[in-house]
file run.tsv (TSV, C-alpha atoms)
chain	number	residue	atom	x	y	z
A	1	MET	CA	33.44	-6.03	14.42
A	2	ALA	CA	30.47	-4.70	12.65
A	3	ALA	CA	28.77	-1.52	13.59
A	4	THR	CA	25.70	-1.35	15.75
A	5	VAL	CA	22.85	0.03	13.70
A	6	ILE	CA	19.71	1.31	15.35
A	7	GLY	CA	17.58	1.50	12.22
A	8	GLN	CA	14.39	3.37	11.49
A	9	GLY	CA	11.48	2.02	13.49
A	10	ILE	CA	13.67	0.90	16.36
A	11	THR	CA	13.16	2.47	19.76
A	12	ILE	CA	15.53	1.80	22.62
A	13	GLU	CA	14.71	3.02	26.08
A	14	GLY	CA	17.70	2.51	28.28
A	15	GLU	CA	21.42	2.42	28.09
A	16	VAL	CA	23.46	1.56	25.01
A	17	THR	CA	27.15	0.85	25.39
A	18	ALA	CA	29.27	-0.11	22.41
A	19	THR	CA	32.92	-0.95	21.92
A	20	ASP	CA	32.69	0.04	18.28
A	21	GLU	CA	30.75	2.26	15.92
A	22	VAL	CA	27.10	3.13	16.42
A	23	VAL	CA	24.70	4.41	13.77
A	24	VAL	CA	21.33	5.73	14.90
A	25	ALA	CA	18.46	6.17	12.48
A	26	GLY	CA	15.84	5.24	15.07
A	27	VAL	CA	15.12	6.50	18.56
A	28	ILE	CA	17.28	6.20	21.66
A	29	LYS	CA	16.15	7.47	25.04
A	30	GLY	CA	18.53	7.07	27.91
A	31	LYS	CA	22.26	6.98	27.42
A	32	LEU	CA	24.55	6.26	24.48
A	33	THR	CA	28.20	5.46	24.95
A	34	ALA	CA	30.54	4.22	22.24
A	35	GLU	CA	34.27	3.86	21.94
A	36	GLY	CA	34.13	4.46	18.19
A	37	GLN	CA	32.28	6.72	15.81
A	38	VAL	CA	28.71	7.74	16.66
A	39	THR	CA	26.53	8.78	13.76
A	40	ILE	CA	23.05	10.20	14.18
A	41	GLU	CA	21.35	9.90	10.80
A	42	PRO	CA	18.87	12.57	9.61
A	43	ASP	CA	15.95	10.43	10.82
A	44	GLY	CA	17.60	9.60	14.12
A	45	VAL	CA	16.24	10.97	17.37
A	46	VAL	CA	18.37	10.76	20.49
A	47	GLU	CA	17.17	11.94	23.86
A	48	ALA	CA	20.26	10.95	25.72
A	49	ASP	CA	23.73	11.98	26.69
A	50	ILE	CA	26.15	10.83	24.01
A	51	ALA	CA	29.76	9.90	24.48
A	52	GLY	CA	31.97	8.74	21.64
A	53	ARG	CA	35.28	9.31	19.89
A	54	ASN	CA	33.74	11.14	16.94
A	55	VAL	CA	30.13	12.21	17.04
A	56	SER	CA	28.37	13.19	13.86
A	57	ILE	CA	24.88	14.64	14.18
A	58	GLY	CA	22.54	14.84	11.21
A	59	GLY	CA	19.37	14.19	13.17
A	60	SER	CA	17.92	15.45	16.40
A	61	VAL	CA	19.78	15.21	19.68
A	62	THR	CA	18.64	16.37	23.10
A	63	GLY	CA	21.37	15.82	25.65
A	64	ASN	CA	25.00	16.53	26.29
A	65	VAL	CA	27.57	15.37	23.77
A	66	THR	CA	31.09	14.42	24.76
A	67	ALA	CA	33.62	13.38	22.17
A	68	GLY	CA	37.23	12.27	22.50
A	69	GLU	CA	38.13	13.82	19.17
A	70	ARG	CA	35.42	15.75	17.40
A	71	VAL	CA	31.76	16.66	17.07
A	72	ASP	CA	30.26	17.47	13.70
A	73	LEU	CA	26.85	19.09	13.64
A	74	LEU	CA	25.72	18.58	10.06
A	75	GLY	CA	23.29	20.67	7.99
A	76	GLY	CA	19.76	19.83	9.14
A	77	GLY	CA	21.11	18.53	12.40
A	78	ARG	CA	19.61	19.73	15.63
A	79	LEU	CA	21.34	19.71	18.99
A	80	VAL	CA	20.05	20.93	22.34
A	81	GLY	CA	22.68	20.35	24.96
A	82	ASP	CA	26.26	21.04	25.85
A	83	VAL	CA	29.22	19.93	23.77
A	84	LYS	CA	32.55	18.90	25.17
A	85	ALA	CA	35.12	18.11	22.50
A	86	ALA	CA	38.48	19.25	21.19
A	87	ARG	CA	37.01	20.05	17.78
A	88	LEU	CA	33.55	21.15	16.78
A	89	THR	CA	32.07	21.99	13.43
A	90	ILE	CA	28.60	23.40	12.96
A	91	ALA	CA	27.42	23.28	9.38
A	92	ASP	CA	25.20	25.85	7.70
A	93	GLY	CA	21.56	24.99	8.38
A	94	ALA	CA	22.23	23.22	11.65
A	95	SER	CA	20.53	24.34	14.84
A	96	PHE	CA	22.30	24.28	18.16
A	97	LYS	CA	21.46	25.45	21.65
A	98	GLY	CA	23.92	24.86	24.44
A	99	ASN	CA	27.39	25.51	25.71
A	100	VAL	CA	30.66	24.51	24.13
A	101	ASP	CA	33.67	23.38	26.10
A	102	MET	CA	36.72	22.89	23.90
A	103	ASP	CA	39.18	22.18	26.69
A	104	VAL	CA	41.62	25.00	25.91
B	1	MET	CA	13.18	-0.33	7.56
B	2	ALA	CA	15.39	-0.34	4.56
B	3	THR	CA	18.42	-0.54	6.79
B	4	GLN	CA	19.06	-3.69	8.78
B	5	SER	CA	19.17	-2.91	12.46
B	6	THR	CA	21.94	-4.59	14.37
B	7	ILE	CA	23.10	-4.69	17.93
B	8	ALA	CA	26.70	-5.59	17.20
B	9	ALA	CA	28.99	-7.80	19.24
B	10	GLY	CA	30.58	-5.65	21.93
B	11	THR	CA	27.45	-3.56	22.28
B	12	VAL	CA	25.47	-3.76	25.50
B	13	VAL	CA	21.90	-2.51	25.72
B	14	ARG	CA	20.13	-2.22	29.05
B	15	GLY	CA	16.49	-1.37	28.71
B	16	ARG	CA	13.61	-1.84	26.34
B	17	ILE	CA	13.99	-2.33	22.62
B	18	GLN	CA	11.00	-1.90	20.37
B	19	ALA	CA	11.38	-2.61	16.68
B	20	GLU	CA	8.84	-1.89	13.97
B	21	GLY	CA	10.86	-4.02	11.58
B	22	ASP	CA	13.63	-6.59	11.77
B	23	LEU	CA	16.43	-6.73	14.29
B	24	GLU	CA	19.64	-8.68	14.57
B	25	VAL	CA	21.34	-9.04	17.91
B	26	LEU	CA	24.98	-10.11	18.18
B	27	GLY	CA	25.81	-8.34	21.41
B	28	GLN	CA	24.28	-8.24	24.87
B	29	VAL	CA	20.82	-7.11	25.83
B	30	GLU	CA	19.31	-6.87	29.30
B	31	GLY	CA	15.66	-5.96	29.08
B	32	THR	CA	12.79	-6.70	26.79
B	33	ILE	CA	12.83	-6.93	23.02
B	34	ALA	CA	9.62	-6.60	21.06
B	35	ALA	CA	9.89	-6.74	17.28
B	36	LYS	CA	7.09	-6.63	14.74
B	37	GLY	CA	9.33	-8.25	12.14
B	38	SER	CA	11.91	-10.97	12.49
B	39	LEU	CA	14.42	-11.19	15.31
B	40	GLU	CA	17.72	-12.94	14.86
B	41	ILE	CA	19.87	-13.75	17.86
B	42	GLY	CA	23.30	-14.37	16.42
B	43	GLU	CA	26.09	-16.60	17.59
B	44	GLY	CA	27.87	-15.13	20.60
B	45	ALA	CA	24.89	-13.01	21.59
B	46	LEU	CA	23.90	-12.99	25.26
B	47	LEU	CA	20.38	-11.92	26.15
B	48	LYS	CA	18.78	-11.64	29.53
B	49	SER	CA	15.45	-10.60	28.18
B	50	GLU	CA	11.91	-11.42	27.28
B	51	LEU	CA	11.71	-11.72	23.52
B	52	SER	CA	8.71	-11.39	21.30
B	53	ALA	CA	8.63	-11.06	17.52
B	54	ARG	CA	6.93	-12.41	14.44
B	55	ARG	CA	9.78	-14.76	13.56
B	56	ILE	CA	12.68	-15.59	15.84
B	57	VAL	CA	15.89	-17.44	15.05
B	58	VAL	CA	18.23	-18.12	17.93
B	59	ARG	CA	21.89	-19.03	17.50
B	60	GLY	CA	23.18	-17.48	20.70
B	61	THR	CA	22.25	-17.57	24.37
B	62	VAL	CA	18.96	-16.37	25.81
B	63	ALA	CA	17.86	-16.25	29.44
B	64	GLY	CA	14.20	-15.35	29.40
B	65	ASN	CA	10.94	-16.26	27.79
B	66	VAL	CA	10.74	-16.34	24.01
B	67	HIS	CA	7.50	-15.84	22.11
B	68	ALA	CA	7.06	-15.79	18.34
B	69	GLU	CA	3.89	-14.92	16.42
B	70	GLU	CA	4.79	-17.27	13.60
B	71	VAL	CA	7.94	-19.33	13.85
B	72	LEU	CA	10.59	-19.91	16.47
B	73	VAL	CA	13.76	-21.75	15.50
B	74	LEU	CA	16.59	-22.70	17.83
B	75	GLU	CA	19.66	-23.42	15.74
B	76	ALA	CA	22.47	-25.79	16.71
B	77	GLY	CA	24.64	-24.23	19.41
B	78	SER	CA	21.89	-22.05	20.81
B	79	ARG	CA	21.09	-22.07	24.51
B	80	VAL	CA	17.75	-20.94	25.88
B	81	VAL	CA	16.75	-20.92	29.52
B	82	GLY	CA	13.12	-19.89	29.61
B	83	ASP	CA	9.75	-20.75	28.19
B	84	LEU	CA	9.23	-21.03	24.45
B	85	SER	CA	5.94	-20.36	22.76
B	86	ALA	CA	5.05	-20.11	19.08
B	87	PRO	CA	2.63	-21.69	16.63
B	88	THR	CA	5.61	-23.50	15.13
B	89	VAL	CA	8.71	-24.26	17.12
B	90	GLY	CA	11.85	-25.78	15.62
B	91	ILE	CA	14.67	-27.06	17.78
B	92	ARG	CA	17.69	-28.22	15.80
B	93	PRO	CA	19.96	-30.99	17.07
B	94	GLY	CA	22.62	-29.40	19.24
B	95	ALA	CA	20.35	-26.71	20.66
B	96	LEU	CA	19.92	-26.53	24.41
B	97	VAL	CA	16.60	-25.66	26.03
B	98	ARG	CA	15.59	-25.50	29.64
B	99	GLY	CA	12.01	-24.42	30.09
B	100	HIS	CA	8.46	-24.97	29.03
B	101	VAL	CA	7.70	-25.32	25.34
B	102	SER	CA	4.24	-24.71	23.94
B	103	THR	CA	3.31	-24.88	20.30
B	104	GLY	CA	0.03	-24.34	18.55
B	105	ARG	CA	-2.23	-21.47	17.66
B	106	SER	CA	-3.30	-19.83	20.91
B	107	THR	CA	-0.06	-19.71	22.80
B	108	ARG	CA	0.51	-16.41	24.50
B	109	PRO	CA	1.77	-17.33	27.95
B	110	ALA	CA	3.79	-14.19	28.40
B	111	GLU	CA	0.76	-11.96	27.82
B	112	THR	CA	-1.70	-13.89	29.92
B	113	ARG	CA	0.76	-13.87	32.75
B	114	SER	CA	1.24	-10.12	32.60
B	115	ARG	CA	-2.53	-9.64	32.41
B	116	ALA	CA	-2.97	-11.79	35.50
B	117	ASP	CA	-0.37	-9.70	37.29
B	118	ALA	CA	-2.20	-6.53	36.36
B	119	SER	CA	-5.54	-7.83	37.60
B	120	ALA	CA	-3.91	-9.01	40.80
B	121	LYS	CA	-2.53	-5.54	41.40
B	122	ARG	CA	-5.73	-3.69	40.62
B	123	PRO	CA	-7.84	-4.74	43.65
B	124	ALA	CA	-5.08	-3.64	45.97
B	125	GLU	CA	-5.09	-0.23	44.34
B	126	ARG	CA	-8.89	-0.04	44.56
B	127	SER	CA	-8.91	-0.78	48.27
B	128	ALA	CA	-6.16	1.75	48.83
B	129	THR	CA	-8.02	4.53	47.01
B	130	PRO	CA	-10.94	5.08	49.42
B	131	ALA	CA	-8.62	5.05	52.39
B	132	ARG	CA	-6.92	8.19	51.17
B	133	PRO	CA	-9.95	10.56	51.07
B	134	ALA	CA	-11.02	9.26	54.47
B	135	ALA	CA	-7.69	10.23	55.93
B	136	GLN	CA	-7.62	13.65	54.28
B	137	PRO	CA	-10.66	15.28	55.96
B	138	GLN	CA	-9.25	14.44	59.37
B	139	ALA	CA	-5.96	16.06	58.46
B	140	ALA	CA	-7.81	19.07	57.07
B	141	ALA	CA	-10.06	19.40	60.12
B	142	LYS	CA	-7.17	19.47	62.53
B	143	PRO	CA	-5.44	22.64	61.30
B	144	ALA	CA	-8.84	24.34	60.85
B	145	ALA	CA	-9.54	23.87	64.54
B	146	GLU	CA	-6.11	25.16	65.45
B	147	ARG	CA	-6.48	28.14	63.17
B	148	GLN	CA	-9.48	29.49	65.11
B	149	PRO	CA	-8.84	33.02	66.42
B	150	ALA	CA	-7.70	32.87	70.02
B	151	PRO	CA	-9.33	36.03	71.49
B	152	ARG	CA	-12.89	35.09	70.48
B	153	PRO	CA	-13.43	32.22	72.91
B	154	ALA	CA	-12.45	34.44	75.84
B	155	THR	CA	-15.55	36.59	75.35
B	156	ILE	CA	-17.81	33.57	75.10
B	157	GLU	CA	-16.51	31.87	78.17
B	158	THR	CA	-18.23	32.46	81.45
B	159	ARG	CA	-16.50	32.68	84.76
B	160	ALA	CA	-18.05	29.40	85.86
B	161	SER	CA	-16.70	27.53	82.88
B	162	ILE	CA	-13.20	28.90	83.49
B	163	VAL	CA	-13.32	27.79	87.08
B	164	ALA	CA	-14.59	24.42	86.00
B	165	LYS	CA	-11.74	24.11	83.55
B	166	GLN	CA	-9.13	25.12	86.05
B	167	ARG	CA	-10.53	22.53	88.37
B	168	SER	CA	-10.51	19.96	85.63
B	169	SER	CA	-6.91	20.75	84.75
B	170	ALA	CA	-6.02	20.39	88.39
B	171	ALA	CA	-7.82	17.07	88.34
B	172	GLU	CA	-5.86	16.17	85.21
B	173	THR	CA	-2.52	16.90	86.79
B	174	ALA	CA	-3.65	14.83	89.73
B	175	THR	CA	-4.59	12.02	87.34
B	176	ALA	CA	-1.10	12.11	85.93
B	177	GLY	CA	0.26	11.07	89.31
B	178	ARG	CA	-2.50	8.83	90.66
B	179	ARG	CA	-6.03	7.98	89.59
B	180	PRO	CA	-8.76	9.66	91.69
B	181	PRO	CA	-12.09	7.77	91.98
B	182	PRO	CA	-14.53	8.99	89.31
B	183	PRO	CA	-17.42	9.99	91.63
B	184	VAL	CA	-15.23	12.59	93.38
B	185	VAL	CA	-14.68	14.59	90.19
B	186	PRO	CA	-17.40	17.31	89.81
B	187	ARG	CA	-19.79	17.05	86.91
B	188	ALA	CA	-18.64	20.27	85.18
B	189	SER	CA	-15.02	19.28	85.32
B	190	SER	CA	-15.76	15.84	83.95
B	191	GLN	CA	-17.51	17.56	81.03
B	192	ALA	CA	-14.50	19.80	80.48
B	193	GLN	CA	-12.29	16.82	80.68
B	194	ARG	CA	-14.31	15.20	77.97
B	195	ARG	CA	-13.64	18.25	75.81
B	196	VAL	CA	-9.89	18.15	76.30
B	197	PRO	CA	-9.28	15.56	73.60
B	198	GLY	CA	-10.97	17.96	71.16
B	199	ALA	CA	-8.02	20.33	71.57
B	200	ARG	CA	-5.82	17.67	70.06
B	201	GLY	CA	-8.11	17.38	67.05
B	202	ASP	CA	-9.44	13.94	67.97
B	203	ALA	CA	-13.05	15.12	67.93
B	204	PRO	CA	-13.54	17.74	65.18
B	205	ALA	CA	-17.29	17.93	66.08
B	206	ALA	CA	-16.55	19.58	69.44
B	207	PRO	CA	-17.34	23.36	69.59
B	208	ALA	CA	-14.31	24.91	67.94
B	209	PRO	CA	-14.07	28.27	69.79
B	210	VAL	CA	-13.82	26.68	73.22
B	211	VAL	CA	-11.18	24.20	72.25
B	212	PRO	CA	-8.07	26.37	71.69
B	213	ALA	CA	-8.67	28.48	74.79
B	214	LEU	CA	-9.17	25.37	76.82
B	215	GLY	CA	-5.84	24.07	75.59
B	216	LYS	CA	-4.21	27.37	76.51
B	217	ARG	CA	-5.73	27.61	79.97
B	218	THR	CA	-4.99	24.03	80.70
B	219	SER	CA	-1.34	24.48	79.85
B	220	LYS	CA	-1.16	27.60	82.04
B	221	ALA	CA	-2.92	25.90	84.90
B	222	THR	CA	-0.65	22.89	84.56
B	223	ARG	CA	2.37	25.16	84.74
B	224	ARG	CA	0.97	26.86	87.84
B	225	SER	CA	0.12	23.63	89.53
B	226	GLY	CA	3.52	22.26	88.48
B	227	GLY	CA	5.17	25.17	90.34
B	228	ARG	CA	3.52	24.15	93.60
call {"tool": "encode", "arguments": {"input": "run.tsv", "output": "structure tokens"}}
result
Amino acid sequence: MAATVIGQGITIEGEVTATDEVVVAGVIKGKLTAEGQVTIEPDGVVEADIAGRNVSIGGSVTGNVTAGERVDLLGGGRLVGDVKAARLTIADGASFKGNVDMDV
Amino acid sequence: MATQSTIAAGTVVRGRIQAEGDLEVLGQVEGTIAAKGSLEIGEGALLKSELSARRIVVRGTVAGNVHAEEVLVLEAGSRVVGDLSAPTVGIRPGALVRGHVSTGRSTRPAETRSRADASAKRPAERSATPARPAAQPQAAAKPAAERQPAPRPATIETRASIVAKQRSSAAETATAGRRPPPPVVPRASSQAQRRVPGARGDAPAAPAPVVPALGKRTSKATRRSGGR
């Protein structure tokens, strides 16, 4: 199955649920749930709680992030919200405000 | 807009989707989709939504009205339950449609309908608006009357008025049991009786200082007379 791509210029207000990968370069307000990889591109804006297996943030996210495996906050990425994941990387140049729960 | 936006199969979107460019839907959408570019509903897609876009190609299933600014094409195997409107509508053999189809230049049924809804709602709102300020002063007047200082009326009151009130309260308690003939009630007490509703805030125009004390005395008198 192909990935769901929310491209630039797309705005979704509501709930997005995917059984596969999701790439966001547009705007999502509401809730984002995916069973696969979630990628927030540098232009992507997400004002929603995100749940996925791997979550990679290069854009702007406001909301809690829950990942089954890992969360990567890339350089230039911006996250305001709590993170719950077994692994978390925060790259140089990323901004982050929130709590981290690594399930020790 | 360089990247093609896709709602993949297995993806469910509930809510509103607005697209500045093109959009391809292969999954499920419940809500409205408005695209400024082209909208492609792929095979296997299931939409319960109002669709509007410049160009629309449907290969999947749509439940809802579909409006295109330029062209609307229903490919073989597509199923649409809802109204279609576009300057040019193409329905290929094998497509299923249940609904009203309108072609031609000035076809915007979805918009005119929503405008009619809005205008239908507006008069109701207008009539509701003046009712609110009318209700507010009454509510505001009531606590103001209750807030009046209690000791002040006592100095204003004369002995005669107190007696009259006590009589009136006695008459009131009597009224609670049985109804005495109106001529029997003295004039002063009938006046006081007329003021009694003011204590409950029904008549905000009644002299405010007298009202709370009257309420007080009346309740005392009622208690006394109740003890008899």
call {"tool": "interface_residues", "arguments": {"input": "run.tsv", "of": "chain B", "to": "chain A", "cutoff": "10 Å", "atoms": "only C-alpha atoms", "output": "JSON, numbers by chain"}}
result
{"B": [1, 2, 3, 4, 5, 6, 7, 8, 9, 10, 11, 12, 13, 14, 15, 16, 17, 18, 19, 20, 21, 22, 23, 24, 25, 26, 27, 28, 29, 30, 31, 32, 33, 34, 35, 36]}
call {"tool": "atom_distance", "arguments": {"input": "run.tsv", "atom1": "CA of Leu39 in chain B", "atom2": "CA of Ile40 in chain A"}}
result
23.1 Å
call {"tool": "atom_distance", "arguments": {"input": "run.tsv", "atom1": "CA of Leu72 in chain B", "atom2": "CA of Gly44 in chain B"}}
result
18.4 Å
call {"tool": "atom_distance", "arguments": {"input": "run.tsv", "atom1": "CA of Ile41 in chain B", "atom2": "CA of Arg59 in chain B"}}
result
5.7 Å
call {"tool": "closest_atom_pairs", "arguments": {"input": "run.tsv", "of": "range 15-55 of chain A", "to": "range 76-100 of chain A", "cutoff": "9 Å", "atoms": "only C-alpha atoms", "output": "Markdown table"}}
result
| residue | atom | partner | partner_atom | distance |
| --- | --- | --- | --- | --- |
| A:Ile40 | CA | A:Gly77 | CA | 8.7 |
| A:Glu41 | CA | A:Gly77 | CA | 8.8 |
| A:Pro42 | CA | A:Gly77 | CA | 7.0 |
| A:Asp49 | CA | A:Gly81 | CA | 8.6 |
call {"tool": "closest_residue", "arguments": {"input": "run.tsv", "among": "A:Asn64, A:Ala51, A:Gly58, A:Asp101", "to": "Gln37 in chain A", "atoms": "only C-alpha atoms"}}
result
A:Ala51
call {"tool": "residues_near_point", "arguments": {"input": "run.tsv", "point": "(10.9, -12.1, 25.7)", "cutoff": "7 Å", "atoms": "only C-alpha atoms", "output": "VMD selection string"}}
result
chain B and resid 32 to 33 49 to 52 64 to 67
